[in-house]
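This report refers to the structure that appears directly beneath it.
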Amino acid sequence: MLHINNIEVVYSKMILVLKGMSLEVPEGKIVALLGSNGAGKSTTLKSISGLLAGDGGELTKGSITYHGEEISGFSPDQIVQKGIFQSMEGRRVFKHLTVEENLIAGAHTRKDRNHLKHDMERVYHYFPKLKTLRSRHAGLLSGGEQQMLAIGRGIMAKPKLLLLDEPSLGIAPLLVKEIFQNIKQINKEEGTSILVVEQNANVALSIADYGYIVEDGRSVLEAPVSELMENKEVQEHYLGMSDEGRKNYREVKSYRKKKRWV
Amino acid sequence: MTFFIQMLVSGIVVGSIYALVALGFVLIYKASDALNLANGEFVLIGSYVCLTLITVLKLPFLLAILITLVFSALLGLMVEKMVLRPLLNAPTISVIMATIGLGNLLAGLTHVVWGHQTRMYPQIFPDTPVTFGGVIITPVYLWSFVIVMSLLIAFTVFFKFSKMGIAMRAVADDLQAAASMGISVKKVFAITWAIACVVAAVGGVLLGNINGVNATMSVIGLTVLPVVILGGLDSIAGAIVGGFIIGIAQSMAGGYLDPMVGGGLKDVFPFIIVILILMIKPYGLFGKGGVERV
């Protein structure tokens, strides 16, 4: 349903961040985008959702099509109306609004506002904890609860494609597992396609159908998750597994210097 | 005692108008982190426009005020589009400088159009005073209070429950995140300026009915500054409470202290209170100063 074709993104008219990134999200699937810091994962998401301009970024080449329609250059609110919703990195809940008001804000583009109550119950169905916190200011929630709320806002918008930027960031490991199970559940029950950006490759691949490895502004490896898990390089660099036991940091570093995917 | 209550009543009424004008000020601060130093001129223009409609075009008061509100809303939209939109990603200080320039421009224009004499509103509210147990209240004061209070309640409900109100608060909280919800930030900014201009105009019309209109009315833009700093720049409730406190304090200072020192203290008094309060609560009485997670 979503095709990104060879895009280039430049920040401040100088810094080339994406250098020919391509990817595809099929209908109803979960796609994981893995890679280290600065690889261009978040930038990829922002170029889809139209939030690049707010950061001084610009799409200079390539195309982004959604159901066959070119959507690059659309404003963020047009994109949300098309059915693509991004949950930003670092949760970004509205701190001074209550949980319930945050959810209402998430439903901003919805036309059928009579269903708000019903949809809020949907959110509470996935995240029962939010229900008990509904009238609390979001700024006072724990990191995990804020992440639930951030995803909950996404559900309120009823998107066909949900973009999640590092949902595991700064959250207790136990809770990370729970939240990813919830994401899987949303994908199944609502039929929402999900594109998830993660540094925590283990947990992301545990729910994804398809994975991309991003390095230096382009995708260097793409495969169904089962294949990715078999891949030696991925096992070593992203999943922390190795035949000869754990390598020390110095060796890894020198190895990385030589390594080229393309 | 009657004198005290008399001063209290007039303080409350003037304070309620301060609260209304301060509301516009706070809205703009919340949306764009900038002080709108042209606020006083919005008040002045609103007052002049309504006066002109009544005296020159002989329109009935209600119709005149309605047209004034529409005019002010358009003025707000225009200012946002022409002055603020180009400065969208500019540093806050540039925005503040732009509002100073805008204020001067508007002050100059009003001077050209309406001159410098004080103009009086024709009698609109009945002039037989109402007495409550010895306290005399003129109908202008009573009506001003009623109008302001109903507007303040309406806005509180709007911000708490309406879709646009929540969107406006969301933008004030986190602009980027609000954009990612599909909230049109441009639209929110435009509406913010329109509302700020409209409340300023209502304040102007009411003040004009009480004191008459001349260029010094725009000083209210400055008097409102202590109000919002006292209440907390980012708090709507603070603007309202701060408005009443400053209004009452000013009225008391005018009634009791001015005769002792030979006048003039009334205008300084709000700033004295602000300095005292800020020593104790630097974010104002209701300012957020950031919600901290523990």
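By convention in this document, the chains of the structure tokens carry letters A, B, ... by their order, each chain's residues are numbered from 1, and ligands are numbered from 1 in the order they are shown.
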Show which residues sit within 12 Å of A:Val234, as a VMD selection string. Count only C-alpha atoms, and ignore same-chain residues fewer than 4 positions away.
chain A and resid 34 to 35 201 to 202 205 211 to 214 220 to 223 225 to 230 238 to 242 261
With a distance threshold of 9 Å and counting only C-alpha atoms, extract the residues of chain A near chain B and express them as a PyMOL selection string.
chain A and resi 49-51+54+75-81+85-88+91-97+101-102+104-109+139-142+153-154+157
At a cut-off of 9 Å, using only C-alpha atoms, what residues contact A:Glu8? Leave out same-chain residues fewer than 2 positions from it and give the result as a list in words.
Asn6, Val10, Leu16, Val17, Leu18, Lys19, Gly20, Met21, Glu58, Leu59, Thr60, Lys61, Gly62 and Gly217 of chain A
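Minimum atom-to-atom distances from A:Ala138, A:Val176, A:Val197, A:Leu161 to A:Thr98 were compared using only C-alpha atoms, and the lowest value belongs to A:Ala138.
The protein and nucleic acid residues lying at most 12 Å from B:Ile12 are Ile5, Gln6, Met7, Leu8, Ser16, Ile17, Tyr18, Ala19, Ile137, Tyr141, Leu142, Ser144, Phe145, Val146, Val148, Met149, Ile240, Val241, Gly242, Gly243, Phe244, Ile245, Ile246, Gly247, Ile248, Ala249, Gln250, Ser251 and Met252 of chain B, with only C-alpha atoms considered and sequence neighbours fewer than 4 positions away removed.
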Just to be explicit: take each residue in the selection above, keep N, CA and C atoms, and write the result as a compact mmCIF listing (two decimals), in the first residue's frame.
# COMPACT_ATOMS: atom_id res chain seq x y z
N ILE B 5 -16.43 49.50 49.76
CA ILE B 5 -17.18 48.62 48.85
C ILE B 5 -17.29 49.26 47.47
N GLN B 6 -17.47 50.56 47.46
CA GLN B 6 -17.52 51.28 46.19
C GLN B 6 -16.24 51.06 45.38
N MET B 7 -15.12 51.19 46.08
CA MET B 7 -13.82 50.99 45.41
C MET B 7 -13.67 49.54 44.96
N LEU B 8 -14.15 48.63 45.81
CA LEU B 8 -14.06 47.21 45.50
C LEU B 8 -14.83 46.90 44.22
N SER B 16 -12.25 42.89 35.66
CA SER B 16 -12.81 41.90 34.74
C SER B 16 -12.45 42.24 33.30
N ILE B 17 -12.38 43.53 33.00
CA ILE B 17 -11.97 43.92 31.64
C ILE B 17 -10.49 43.61 31.43
N TYR B 18 -9.69 43.87 32.45
CA TYR B 18 -8.28 43.47 32.37
C TYR B 18 -8.18 41.97 32.08
N ALA B 19 -8.99 41.20 32.80
CA ALA B 19 -8.94 39.74 32.64
C ALA B 19 -9.22 39.36 31.20
N ILE B 137 -24.09 51.47 42.10
CA ILE B 137 -23.42 50.90 40.93
C ILE B 137 -24.09 51.44 39.69
N TYR B 141 -21.23 49.73 34.62
CA TYR B 141 -20.36 48.81 35.35
C TYR B 141 -20.98 47.43 35.44
N LEU B 142 -22.26 47.43 35.77
CA LEU B 142 -22.96 46.16 35.96
C LEU B 142 -22.96 45.36 34.66
N SER B 144 -20.99 45.72 32.03
CA SER B 144 -19.64 45.31 31.66
C SER B 144 -19.29 44.01 32.35
N PHE B 145 -19.59 43.98 33.65
CA PHE B 145 -19.25 42.80 34.43
C PHE B 145 -19.96 41.55 33.89
N VAL B 146 -21.25 41.73 33.61
CA VAL B 146 -22.04 40.59 33.11
C VAL B 146 -21.49 40.09 31.77
N VAL B 148 -18.48 40.54 30.46
CA VAL B 148 -17.15 39.93 30.57
C VAL B 148 -17.24 38.53 31.17
N MET B 149 -18.04 38.40 32.23
CA MET B 149 -18.12 37.10 32.89
C MET B 149 -18.70 36.05 31.94
N ILE B 240 -7.29 35.46 34.45
CA ILE B 240 -8.57 35.92 35.00
C ILE B 240 -8.40 36.37 36.45
N VAL B 241 -7.78 35.50 37.26
CA VAL B 241 -7.56 35.86 38.66
C VAL B 241 -6.67 37.10 38.75
N GLY B 242 -5.58 37.09 37.96
CA GLY B 242 -4.66 38.22 37.96
C GLY B 242 -5.37 39.52 37.59
N GLY B 243 -6.27 39.45 36.63
CA GLY B 243 -7.04 40.63 36.23
C GLY B 243 -7.79 41.23 37.39
N PHE B 244 -8.49 40.36 38.14
CA PHE B 244 -9.26 40.86 39.29
C PHE B 244 -8.35 41.44 40.36
N ILE B 245 -7.24 40.74 40.65
CA ILE B 245 -6.34 41.23 41.70
C ILE B 245 -5.81 42.61 41.34
N ILE B 246 -5.31 42.74 40.10
CA ILE B 246 -4.75 44.02 39.70
C ILE B 246 -5.83 45.11 39.67
N GLY B 247 -6.99 44.76 39.16
CA GLY B 247 -8.09 45.74 39.10
C GLY B 247 -8.44 46.27 40.48
N ILE B 248 -8.63 45.35 41.42
CA ILE B 248 -9.01 45.75 42.78
C ILE B 248 -7.88 46.54 43.44
N ALA B 249 -6.65 46.04 43.30
CA ALA B 249 -5.51 46.72 43.93
C ALA B 249 -5.38 48.14 43.39
N GLN B 250 -5.56 48.27 42.08
CA GLN B 250 -5.42 49.58 41.47
C GLN B 250 -6.50 50.54 41.99
N SER B 251 -7.71 50.00 42.08
CA SER B 251 -8.81 50.83 42.54
C SER B 251 -8.61 51.26 44.00
N MET B 252 -8.14 50.33 44.82
CA MET B 252 -7.87 50.65 46.22
C MET B 252 -6.75 51.69 46.35
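Residue neighbourhood of A:Lys131, excluding near-sequence residues (fewer than 2 positions): A:Thr98, A:Val99, A:Glu100, A:Leu103, A:Met120, A:Glu121, A:Arg122, A:Val123, A:Tyr124, A:His125, A:Tyr126, A:Phe127, A:Pro128, A:Lys129, A:Leu133, A:Arg134, A:Ser135, A:Arg136, A:Glu145, A:Met148, A:Leu149, A:Gly152, at 12 Å, using only C-alpha atoms.
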The selected residues should be written to file as a compact mmCIF listing (two decimals), in the first residue's frame (atoms: N, CA, C and O atoms).
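Result file selection-v4.txt:
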# COMPACT_ATOMS: atom_id res chain seq x y z
N THR A 98 -5.13 16.22 29.82
CA THR A 98 -5.37 14.94 30.48
C THR A 98 -5.27 13.82 29.45
O THR A 98 -5.22 14.07 28.24
N VAL A 99 -5.24 12.59 29.95
CA VAL A 99 -5.16 11.42 29.06
C VAL A 99 -6.31 11.45 28.05
O VAL A 99 -6.11 11.27 26.85
N GLU A 100 -7.49 11.72 28.56
CA GLU A 100 -8.66 11.73 27.68
C GLU A 100 -8.56 12.83 26.62
O GLU A 100 -8.86 12.61 25.45
N LEU A 103 -6.32 11.85 23.87
CA LEU A 103 -6.96 10.94 22.92
C LEU A 103 -7.87 11.71 21.97
O LEU A 103 -7.91 11.44 20.77
N MET A 120 -12.60 5.41 22.21
CA MET A 120 -11.82 5.53 23.43
C MET A 120 -11.86 4.22 24.19
O MET A 120 -10.84 3.78 24.73
N GLU A 121 -13.01 3.56 24.16
CA GLU A 121 -13.11 2.24 24.79
C GLU A 121 -12.17 1.24 24.10
O GLU A 121 -11.60 0.37 24.74
N ARG A 122 -12.04 1.37 22.78
CA ARG A 122 -11.10 0.52 22.04
C ARG A 122 -9.68 0.69 22.59
O ARG A 122 -8.97 -0.28 22.81
N VAL A 123 -9.30 1.96 22.78
CA VAL A 123 -7.96 2.25 23.31
C VAL A 123 -7.81 1.61 24.69
O VAL A 123 -6.79 0.98 24.99
N TYR A 124 -8.85 1.78 25.52
CA TYR A 124 -8.77 1.22 26.88
C TYR A 124 -8.76 -0.30 26.84
O TYR A 124 -8.26 -0.97 27.74
N HIS A 125 -9.31 -0.88 25.77
CA HIS A 125 -9.30 -2.33 25.61
C HIS A 125 -7.86 -2.82 25.41
O HIS A 125 -7.45 -3.83 25.98
N TYR A 126 -7.09 -2.09 24.60
CA TYR A 126 -5.69 -2.47 24.41
C TYR A 126 -4.85 -2.10 25.63
O TYR A 126 -3.93 -2.82 26.00
N PHE A 127 -5.13 -0.94 26.19
CA PHE A 127 -4.32 -0.46 27.32
C PHE A 127 -5.23 -0.16 28.51
O PHE A 127 -5.55 1.00 28.78
N PRO A 128 -5.63 -1.19 29.25
CA PRO A 128 -6.60 -0.99 30.35
C PRO A 128 -6.09 0.01 31.38
O PRO A 128 -6.87 0.69 32.03
N LYS A 129 -4.76 0.09 31.50
CA LYS A 129 -4.19 0.98 32.50
C LYS A 129 -4.58 2.44 32.26
O LYS A 129 -4.76 3.21 33.20
N LEU A 133 -6.34 6.05 34.46
CA LEU A 133 -5.59 7.32 34.51
C LEU A 133 -6.25 8.40 33.67
O LEU A 133 -5.67 9.45 33.46
N ARG A 134 -7.46 8.15 33.20
CA ARG A 134 -8.05 8.97 32.14
C ARG A 134 -8.09 10.46 32.44
O ARG A 134 -7.99 11.28 31.55
N SER A 135 -8.27 10.85 33.72
CA SER A 135 -8.38 12.28 33.99
C SER A 135 -7.09 12.87 34.55
O SER A 135 -7.07 14.00 35.02
N ARG A 136 -6.00 12.09 34.46
CA ARG A 136 -4.73 12.61 34.96
C ARG A 136 -3.98 13.35 33.85
O ARG A 136 -4.11 13.02 32.68
N GLU A 145 3.48 4.33 30.37
CA GLU A 145 2.09 4.77 30.22
C GLU A 145 1.98 5.84 29.13
O GLU A 145 1.03 5.85 28.35
N MET A 148 2.00 4.15 25.84
CA MET A 148 0.68 3.58 25.57
C MET A 148 -0.25 4.66 25.06
O MET A 148 -1.00 4.47 24.10
N LEU A 149 -0.19 5.82 25.71
CA LEU A 149 -1.05 6.93 25.31
C LEU A 149 -0.70 7.39 23.90
O LEU A 149 -1.58 7.66 23.08
N GLY A 152 -2.12 5.01 21.67
CA GLY A 152 -3.57 5.17 21.77
C GLY A 152 -4.09 6.32 20.93
O GLY A 152 -5.11 6.21 20.26
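Proximity ranking of B:Val157, B:Val70, B:Val140, B:Lys187 relative to B:Arg85 places B:Lys187 first, based on only C-alpha atoms.
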When you look at stretch 189-203 of chain B with a cut-off of 8 Å (counting only C-alpha atoms), what residues show up, excluding the ones that are within fewer than 3 positions of it in the same chain? I need them as a ChimeraX atom specification.
/B:17-18,20-21,23-25,27-28,31-32,39-40,42-47,68-70,72-77,79-81,168,185-186,206-207
Okay, now the selection with C-alpha atoms, as a CSV table (one decimal), in the first residue's frame?
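Result file selection_13.csv:
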chain,number,residue,atom,x,y,z
B,17,ILE,CA,-12.0,43.9,31.6
B,18,TYR,CA,-8.3,43.5,32.4
B,20,LEU,CA,-10.6,39.7,29.2
B,21,VAL,CA,-7.8,41.6,27.5
B,23,LEU,CA,-6.9,36.4,28.0
B,24,GLY,CA,-6.0,37.4,24.5
B,25,PHE,CA,-2.5,38.1,25.6
B,27,LEU,CA,-3.6,32.9,24.2
B,28,ILE,CA,-1.0,34.3,21.9
B,31,ALA,CA,0.5,29.5,21.0
B,32,SER,CA,3.7,31.2,19.9
B,39,ASN,CA,-2.4,44.3,22.3
B,40,GLY,CA,-3.2,47.8,23.5
B,42,PHE,CA,-6.2,46.2,19.3
B,43,VAL,CA,-8.2,47.4,22.2
B,44,LEU,CA,-8.0,51.0,21.0
B,45,ILE,CA,-9.0,50.1,17.4
B,46,GLY,CA,-11.9,48.0,18.5
B,47,SER,CA,-13.2,50.8,20.7
B,68,THR,CA,-16.8,45.4,15.4
B,69,LEU,CA,-16.3,41.8,16.5
B,70,VAL,CA,-16.2,40.6,12.9
B,72,SER,CA,-11.6,42.6,14.8
B,73,ALA,CA,-11.5,38.9,13.9
B,74,LEU,CA,-10.6,39.8,10.4
B,75,LEU,CA,-7.9,42.2,11.7
B,76,GLY,CA,-6.5,39.4,13.8
B,77,LEU,CA,-6.5,37.0,10.8
B,79,VAL,CA,-2.1,40.4,11.2
B,80,GLU,CA,-1.4,36.7,11.7
B,81,LYS,CA,-1.1,36.2,8.0
B,168,MET,CA,-5.3,24.9,20.5
B,185,VAL,CA,-1.0,24.6,13.1
B,186,LYS,CA,-1.6,27.5,10.7
B,206,LEU,CA,-16.5,48.5,27.5
B,207,LEU,CA,-13.7,50.7,28.6
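Taking atom CA of A:Leu163 as the reference point, atom CA of A:Ile30 is found at 10.0 Å.
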List the neighbours of A:Asn37 out to 10 Å using only C-alpha atoms; skip same-chain residues closer than 4 positions along the sequence, and give me the result as a VMD selection string.
chain A and resid 41 to 42 199 215 to 216
Any chance you can output those residues with C-alpha atoms as a PDB file, in the first residue's frame?
ATOM      1  CA  LYS A  41      15.166   5.742  10.184  1.00  0.00           C
ATOM      2  CA  SER A  42      13.273   8.597  11.792  1.00  0.00           C
ATOM      3  CA  GLN A 199      16.957   0.077  17.680  1.00  0.00           C
ATOM      4  CA  GLU A 215      22.614   2.068   7.148  1.00  0.00           C
ATOM      5  CA  ASP A 216      23.920   5.451   6.153  1.00  0.00           C
TER       6      ASP A 216
END
I need the helix (DSSP H, G or I) residues of stretch 32-281 of chain B per DSSP on the backbone, written as a ChimeraX atom specification.
/B:32,39-55,61-87,92-114,139-161,163-173,175-180,185-211,215-231,236-261,265-280
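Using only C-alpha atoms for every distance, the candidate list A:Asp165, A:Leu2, A:Gly90, A:Lys13 yields A:Gly90 as the residue closest to A:Gln146.
The gap separating atom CA of B:Ile54 from atom CA of B:Leu37 is 28.1 Å, in Å to one decimal.
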Would you mind telling me which residue in B:Val49, B:Gly221, B:Asp33, B:Gly284 lies nearest to B:Leu66 when using only C-alpha atoms?
B:Val49
